[in-house]
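Comments concern the structure below.
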There are 2 protein chains.
Amino acid sequence: MTSPLRLGIAGLGTVGAGVVKIVRQKAELLSHRTGRGIEIVAVSARNRDKDRGVSLQPFDWEDDPVALASRDDVDVLVELIGGSDGPAKAATEAALKRGKDVVTANKAMLAHHGQALAELAETNGAALRFEAAVAGGIPVVKALTEGLAGNEITRVMGVMNGTCNYILTRMESGGLTYQEAFDEADGLGFLEADPELDVGGIDAGHKLSLLSSIAFGTQVAFDAVELEGIGRVSIDDIRQAADMGFKIKLLGTCRMTGRGLEQRMAPCLVPERSALGQLDGGTNMVVIEGDQVGQIVLRGAGAGEGPTASAVMGDVIDIARGYRGSTFGQAASSLKPATPAKSATPASYYLRMSLTDKPGALAKVATALGDAGISINRMRQYDHTSDTAPVLIVTHKTTRAALDQAIDAMAGTGVVQGTPVALRIERV
Amino acid sequence: MTSPLRLGIAGLGTVGAGVVKIVRQKAELLSHRTGRGIEIVAVSARNRDKDRGVSLQPFDWEDDPVALASRDDVDVLVELIGGSDGPAKAATEAALKRGKDVVTANKAMLAHHGQALAELAETNGAALRFEAAVAGGIPVVKALTEGLAGNEITRVMGVMNGTCNYILTRMESGGLTYQEAFDEADGLGFLEADPELDVGGIDAGHKLSLLSSIAFGTQVAFDAVELEGIGRVSIDDIRQAADMGFKIKLLGTCRMTGRGLEQRMAPCLVPERSALGQLDGGTNMVVIEGDQVGQIVLRGAGAGEGPTASAVMGDVIDIARGYRGSTFGQAASSLKPATPAKSATPASYYLRMSLTDKPGALAKVATALGDAGISINRMRQYDHTSDTAPVLIVTHKTTRAALDQAIDAMAGTGVVQGTPVALRIERV
C-alpha cells in the first residue's frame, strides 16, 4: 500500500472549500481510483473564523501560506489564493524550491510568471499543474497536453469568461444596456474586485496565453495577446447582430502562423446557431483544431465551486497516481520564446459608427474603406432624430491592418464622431 | 536521456497506416512532448504487398501478430486488427503475459473480454489502454478516468456510431428511405463487414459498455446493454419528428441508480436545436454529468484515419511519459460486477403504428395506453388511401415497462398491424 498523498491547501474561498469537501466526502472513491489515500494535513487562509460550510477542525492551521508550503508533512501545495504576485507566488515558489508539487487555479500568476515557475519546478523535480486555471471544469489542459499530443495544433478558440458571457447574454435576452447588465452581474457577485479583469478581457486573455503555450510549445506570452474588452458593445450592436443571425461573444483565438504566434481576445460576431453562438451565461467552450483529429469542441461550466474543485482534483489525482508531467506539456527548457504576430487572418468585420448628418458624409466613409482596399457587403444608415446618423457597415473579408488604416482615414474626414466599433465576424 | 519507446503495430488498415505516418513524420514533436524517442520496430498485417501510402521498408515484418507481440524488442503492442476474438485477442494476451503494454482501438474485444484482459494486464504489471476504441478522436476515456476523476459520475450519454448518424442525417437531408441511405453508406465504405454491427447498435453498444465501466467502476457488462438498432426508423418517423422540432439519433445512455446500472442504446428523439440534435454525419458527441462538474459536452470526429490515429497516439504518448494507469480507471480487481437494471427513468415516447381502418380502432389503442397508466400528449391519424391508417402518438412521461405493457395489450386488440415503433424522447 502506497502512503497517502498529503495536501496543504492555501486559500479557502469557494473553490478551496469545495476541494476540502471532495477530499473529505469521497475518500473511498478517491482511494479506489488512485490506489492510495488522499488527505489534507494543513490549511491556510486570511480569516480563520469565517464559516465555510465545512469543518477545518481536523487540519493544522497556518497563518502564513509560505509556512504551509514549507511543511515537511505536505507533499502537494494546492494554491487557491489568487493574484499574480504576493502570497500566491511566494507560497508556490517556496513549495517548488523544496521539490513539492503544486496544483493551482491561478491564471494570473501563470500568465505573468509561468515560464519562471515551470523552470523552477523542473529544476527541483516538482510538478506544477493548472487545469483549474483555464475554463473551469472542462479538462482542456489535459486534452491538449495529453489526449491530443499526437497532433500539431493549428488553432485554439475559446469563450472562457463566464461573467462577460453573462453580461452579453443578459443584454440580448433582457434588452438591458451594457451598464444595466454590468450592474446586475456585479450585484450577483460575478465580477472580480477589479472588474476590468473580467470586462476588459484580461482574465480571458490570461487563459488564452496558457492555452497557446501548451498548444504550440511556446513560452507564455500574455503581453502579446491583442486584448479588447466588451465595454464598447452596445445594445444596438447586440440587436444589429441578431438581425443578421449572429450573437456577440468575447472570443479568444490563437494560431501559429509562418509569421509567428497570433493571440487575440476580443468581442466577435458568431453565427447564432453555431456551437459558440448557443453558449449561455457562465458556460465556457473551447474549440481545438489539430492536423490529425480535425476539430474537437469541449463545453462545460467555466467557474463555480464544484466545476473548479473538480479540475483541481483532476490534477491532485494525477499526482497521486504518479502522473506528474511537465507544466506546459513539454520540458520548460524546450519551450521556445513566442514570436508574436499581429493577427492577419482575413475576416469580415462589423462596423458601427456615428456620422455627422451632412451631405457627402457617407461617401467619405465609403471612400476611406475603398482606399484601404476594403469592399462593402452591407451598409445601412438608420432613421434618426438628432443630427448624428447611426451607420452600420459589414465588410467583405479584409485584414485588421487594412481596417485600422480605413478607420484612421475616417478620423481625418471630420464626419465620424468618436471611434467606430469594429467587431470581427467569425464563421465557426 | 531515456531510451526510445519501441512499438510493434499489428493491423495496417487505415488507422494503422495513420499511426505509422504520425510516428515517422512527427518524430521531433513527439520527442519534445515525451522527452524520448518513439519508434516502430516491427509491423504485422494480413497482406504484405498492399500499398498503404506509407513505406514499411524500415520495419521488420511479422506474418503472425502473436510473434510480433512476443518480440523482445517491442515495448508496446499497438493492436489495430479488430474483432472480439481471434488474432487480436491472441496477440493482446501474448503481449500482456510478457508484461508488455498494449494500446488498442478494439471495442468489440474489450466489450467481451475487458475484465479478463484488464486483470491479465494488472497481474503482469502491464498497461492496457483504449482511448481509440470509443468516440474516435475525442479524448473521452481520458476525460472520464483522469480529468473528471474527482466526480461521482451520474450519467453518460453519447452518439457514437458515425455510420448510423450518417444514415439518419441522409434520410433527413436527402429525403431518402432507410434502405437508400443504407445503400449509400455501404457504397461509401462506411459499413462494417457485418452491417448489423453498425445499424443494429452493437458497435455503439460496445462503446457504451466501456464508458459505463469507467464511469461507475463496474466490470464491463455489454450483454446487459438494452440494444435497439435504427433499422425500423422510417422516413415518416424522421419527418414527424422534424415537424415537432426533433431529430432522431442513435443515442446511448448509462446511469447508476439505486436499483443498478442502466445501459441503453436506441434511436431517440432529441430537440433539433440541442447540441445532440445538431450533430451531422460522422461527428460523435459524448455528454458527461458529474456531481461536481455538472455537464461536460465533448464533440469531434468519431472515426477515420487521422482522428483514430490521434487517439492511439494519445495512449502511446502517455506510456512514453510513464503514465500507465489502470485499464478502467481503477484496479481491475476493485471493479464490481455490474447489477443490470432495466431502464426506468420516465420519459415521453413517440409511437407510430398502423391501424386496421375500422370503427373503434383508435379507441382500442387509447384504452390500452390508459389501462397502462399512460396519458396521451398528442395523437394524430393521417390521411390514407389504403385500408391501413397510420397513427402517431406522443405520450406524456411514462416508463418503458408501462409502455411495453400497453404495446402488449394493443397486440391483443387485433387492430394494430405489426409492432409499433416506439422511440424515447430525450430532452437534453
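Here's how to read the names in the C-alpha cells: chain A, B, ... by the order shown, residue numbers from 1 in each chain, ligand numbers from 1 in the order shown.
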What's the 9 Å shell around Gly304 (chain B), counting only C-alpha atoms, without same-chain residues fewer than 5 positions away, as an mmCIF file with all heavy atoms, in the first residue's frame?
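Everything below was put into part-v6.cif:
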data_model
loop_
_atom_site.group_PDB
_atom_site.id
_atom_site.type_symbol
_atom_site.label_atom_id
_atom_site.label_comp_id
_atom_site.auth_asym_id
_atom_site.auth_seq_id
_atom_site.Cartn_x
_atom_site.Cartn_y
_atom_site.Cartn_z
ATOM 1 N N THR B 14 -6.539 1.537 -42.366
ATOM 2 C CA THR B 14 -6.461 2.994 -42.364
ATOM 3 C C THR B 14 -5.795 3.531 -41.107
ATOM 4 O O THR B 14 -4.900 4.385 -41.176
ATOM 5 C CB THR B 14 -7.895 3.581 -42.421
ATOM 6 O OG1 THR B 14 -8.677 2.750 -43.281
ATOM 7 C CG2 THR B 14 -7.901 4.982 -42.921
ATOM 8 N N VAL B 15 -6.253 3.042 -39.952
ATOM 9 C CA VAL B 15 -5.754 3.608 -38.699
ATOM 10 C C VAL B 15 -4.284 3.248 -38.490
ATOM 11 O O VAL B 15 -3.464 4.097 -38.110
ATOM 12 C CB VAL B 15 -6.614 3.115 -37.510
ATOM 13 C CG1 VAL B 15 -6.073 3.663 -36.202
ATOM 14 C CG2 VAL B 15 -8.063 3.534 -37.705
ATOM 15 N N GLY B 136 -13.767 7.793 -31.445
ATOM 16 C CA GLY B 136 -12.692 8.249 -32.328
ATOM 17 C C GLY B 136 -11.708 9.195 -31.689
ATOM 18 O O GLY B 136 -11.044 8.860 -30.702
ATOM 19 N N GLY B 137 -11.620 10.396 -32.224
ATOM 20 C CA GLY B 137 -10.608 11.344 -31.788
ATOM 21 C C GLY B 137 -10.916 12.077 -30.498
ATOM 22 O O GLY B 137 -10.069 12.795 -29.971
ATOM 23 N N ALA B 309 -6.129 7.638 -35.265
ATOM 24 C CA ALA B 309 -4.682 7.580 -35.012
ATOM 25 C C ALA B 309 -4.285 8.584 -33.930
ATOM 26 O O ALA B 309 -3.401 8.305 -33.107
ATOM 27 C CB ALA B 309 -3.917 7.854 -36.305
#
With a cut-off of 7 Å and counting only C-alpha atoms, select all residues of chain B in contact with chain A and give the selection as a ChimeraX atom specification. /B:32-34,137-139,142-143,146-151,292-300,306-307,310-311,313-314,318,323,329-330
Write out as a ChimeraX atom specification each polymer residue whose atoms come within 9 Å of Ser333 (chain B), counting only C-alpha atoms; drop sequence neighbours fewer than 3 positions from it. /B:115,118-119,122,330,336
Dump as a short mmCIF file (atom, residue, chain, number, x, y, z; two decimals), in the first residue's frame, selection limited to N, CA, C and O atoms:
data_model
loop_
_atom_site.label_atom_id
_atom_site.label_comp_id
_atom_site.auth_asym_id
_atom_site.auth_seq_id
_atom_site.Cartn_x
_atom_site.Cartn_y
_atom_site.Cartn_z
N GLN B 115 -12.74 -7.35 -18.80
CA GLN B 115 -12.37 -7.63 -17.42
C GLN B 115 -11.20 -8.61 -17.36
O GLN B 115 -10.21 -8.38 -16.65
N ALA B 118 -8.02 -6.85 -18.54
CA ALA B 118 -7.54 -5.87 -17.57
C ALA B 118 -6.86 -6.60 -16.39
O ALA B 118 -5.84 -6.15 -15.88
N GLU B 119 -7.44 -7.73 -15.99
CA GLU B 119 -6.82 -8.50 -14.89
C GLU B 119 -5.47 -9.06 -15.34
O GLU B 119 -4.50 -9.06 -14.57
N GLU B 122 -2.97 -6.33 -15.26
CA GLU B 122 -2.60 -5.99 -13.88
C GLU B 122 -1.66 -7.03 -13.27
O GLU B 122 -0.67 -6.68 -12.64
N GLN B 330 -9.52 2.23 -12.42
CA GLN B 330 -9.15 1.76 -11.08
C GLN B 330 -8.72 0.30 -11.22
O GLN B 330 -8.92 -0.31 -12.27
N LYS B 336 -16.44 -3.65 -9.50
CA LYS B 336 -17.54 -4.51 -9.01
C LYS B 336 -18.32 -5.08 -10.19
O LYS B 336 -18.49 -4.41 -11.20
#
Which residues in region 307-410 of chain A does DSSP call strand (DSSP E)? List them as a PyMOL selection string. chain A and resi 348-356+376-381+388-395
Calculate how many Å separate CA of Val270 (chain A) from CA of Ile235 (chain A), rounding to one decimal.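 Separating CA of Val270 (chain A) from CA of Ile235 (chain A) is a distance of 16.2 Å.
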Residue among B:Lys50, B:Arg259, B:Lys364, B:Arg352 lying closest to Ala241 (chain B), counting only C-alpha atoms: B:Arg352
Test item, alpha helix (DSSP H) assignment across region 107-318 of chain A, answer as JSON, numbers by chain: {"A": [107, 108, 109, 110, 111, 112, 113, 114, 115, 116, 117, 118, 119, 120, 121, 122, 123, 140, 141, 142, 162, 163, 164, 165, 166, 167, 168, 169, 170, 171, 172, 173, 174, 178, 179, 180, 181, 182, 183, 184, 185, 186, 187, 196, 197, 198, 199, 202, 203, 204, 205, 206, 207, 208, 209, 210, 211, 212, 213, 214, 215, 216, 235, 236, 237, 238, 239, 240, 241, 242, 243, 305, 306, 307, 308, 309, 310, 311, 312, 313, 314, 315, 316, 317, 318]}
May I have the residues within 10 Å of Asp198 (chain B) as a tab-separated table (two decimals) with N, CA, C and O atoms, in the first residue's frame, using only C-alpha atoms and disregarding those fewer than 4 positions away in the same chain?
chain	number	residue	atom	x	y	z
B	161	ASN	N	-21.87	6.26	-33.10
B	161	ASN	CA	-21.70	5.49	-34.32
B	161	ASN	C	-21.95	6.40	-35.51
B	161	ASN	O	-23.09	6.76	-35.81
B	162	GLY	N	-20.86	6.78	-36.15
B	162	GLY	CA	-20.94	7.73	-37.25
B	162	GLY	C	-21.76	7.21	-38.41
B	162	GLY	O	-22.45	7.98	-39.09
B	163	THR	N	-21.72	5.89	-38.66
B	163	THR	CA	-22.46	5.32	-39.79
B	163	THR	C	-23.96	5.48	-39.58
B	163	THR	O	-24.69	5.89	-40.50
B	164	CYS	N	-24.44	5.17	-38.39
B	164	CYS	CA	-25.87	5.36	-38.11
B	164	CYS	C	-26.24	6.83	-38.22
B	164	CYS	O	-27.29	7.18	-38.77
B	190	PHE	N	-18.71	2.89	-45.57
B	190	PHE	CA	-18.87	3.25	-44.16
B	190	PHE	C	-19.29	2.07	-43.29
B	190	PHE	O	-19.18	2.14	-42.07
B	191	LEU	N	-19.82	1.02	-43.92
B	191	LEU	CA	-20.39	-0.07	-43.11
B	191	LEU	C	-19.37	-1.15	-42.78
B	191	LEU	O	-18.50	-1.46	-43.58
B	192	GLU	N	-19.48	-1.71	-41.60
B	192	GLU	CA	-18.66	-2.86	-41.20
B	192	GLU	C	-19.00	-4.04	-42.12
B	192	GLU	O	-20.07	-4.08	-42.74
B	193	ALA	N	-18.09	-5.02	-42.18
B	193	ALA	CA	-18.34	-6.22	-42.98
B	193	ALA	C	-19.69	-6.82	-42.60
B	193	ALA	O	-20.47	-7.21	-43.46
B	194	ASP	N	-19.98	-6.88	-41.31
B	194	ASP	CA	-21.32	-7.27	-40.85
B	194	ASP	C	-22.06	-5.98	-40.49
B	194	ASP	O	-21.85	-5.42	-39.41
B	202	ILE	N	-24.82	-2.44	-32.25
B	202	ILE	CA	-23.89	-3.28	-31.48
B	202	ILE	C	-22.56	-2.55	-31.24
B	202	ILE	O	-22.05	-2.51	-30.11
B	203	ASP	N	-22.01	-1.96	-32.30
B	203	ASP	CA	-20.76	-1.23	-32.17
B	203	ASP	C	-20.89	-0.10	-31.15
B	203	ASP	O	-20.05	0.07	-30.25
B	204	ALA	N	-21.97	0.67	-31.26
B	204	ALA	CA	-22.20	1.76	-30.31
B	204	ALA	C	-22.43	1.20	-28.90
B	204	ALA	O	-22.01	1.79	-27.91
B	205	GLY	N	-23.09	0.03	-28.83
B	205	GLY	CA	-23.31	-0.62	-27.54
B	205	GLY	C	-22.00	-1.06	-26.90
B	205	GLY	O	-21.81	-0.96	-25.68
B	229	GLY	N	-31.51	-1.19	-32.74
B	229	GLY	CA	-30.86	-0.58	-33.91
B	229	GLY	C	-31.75	0.46	-34.57
B	229	GLY	O	-32.83	0.79	-34.08
B	230	ILE	N	-31.28	0.96	-35.71
B	230	ILE	CA	-32.03	2.01	-36.40
B	230	ILE	C	-32.86	1.47	-37.57
B	230	ILE	O	-33.50	2.23	-38.29
Compile the contact shell of Arg52 (chain A) as a PyMOL selection string: residues with an atom at most 10 Å away, counting only C-alpha atoms, same-chain residues fewer than 2 positions apart removed. chain A and resi 12-14+16-18+48-50+54-56
Point out the residue among A:Asp223, A:Ile153, A:Ser234, A:Leu168 with the least atom-to-atom distance to Arg255 (chain A), counting only C-alpha atoms.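 Nearest to Arg255 (chain A): A:Ile153.
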By how many Å are CA of Gly11 (chain B) and CA of Ala320 (chain B) apart?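 For CA of Gly11 (chain B) relative to CA of Ala320 (chain B), the distance reads 20.9 Å.
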List the spatial neighbours of region 384-389 of chain A as a count of residues only - criterion: any atom at most 9 Å away, only C-alpha atoms, same-chain residues fewer than 4 positions off excluded. 7
Using only C-alpha atoms, can you tell me which of A:Ala368, A:Ala332, A:Ala69, A:Val78 comes closest to Ala411 (chain A)? A:Ala368
For a test of reading the model, state the distance in Å between CA of Ser209 (chain A) and CA of Ala135 (chain A), rounded to one decimal. 12.6 Å
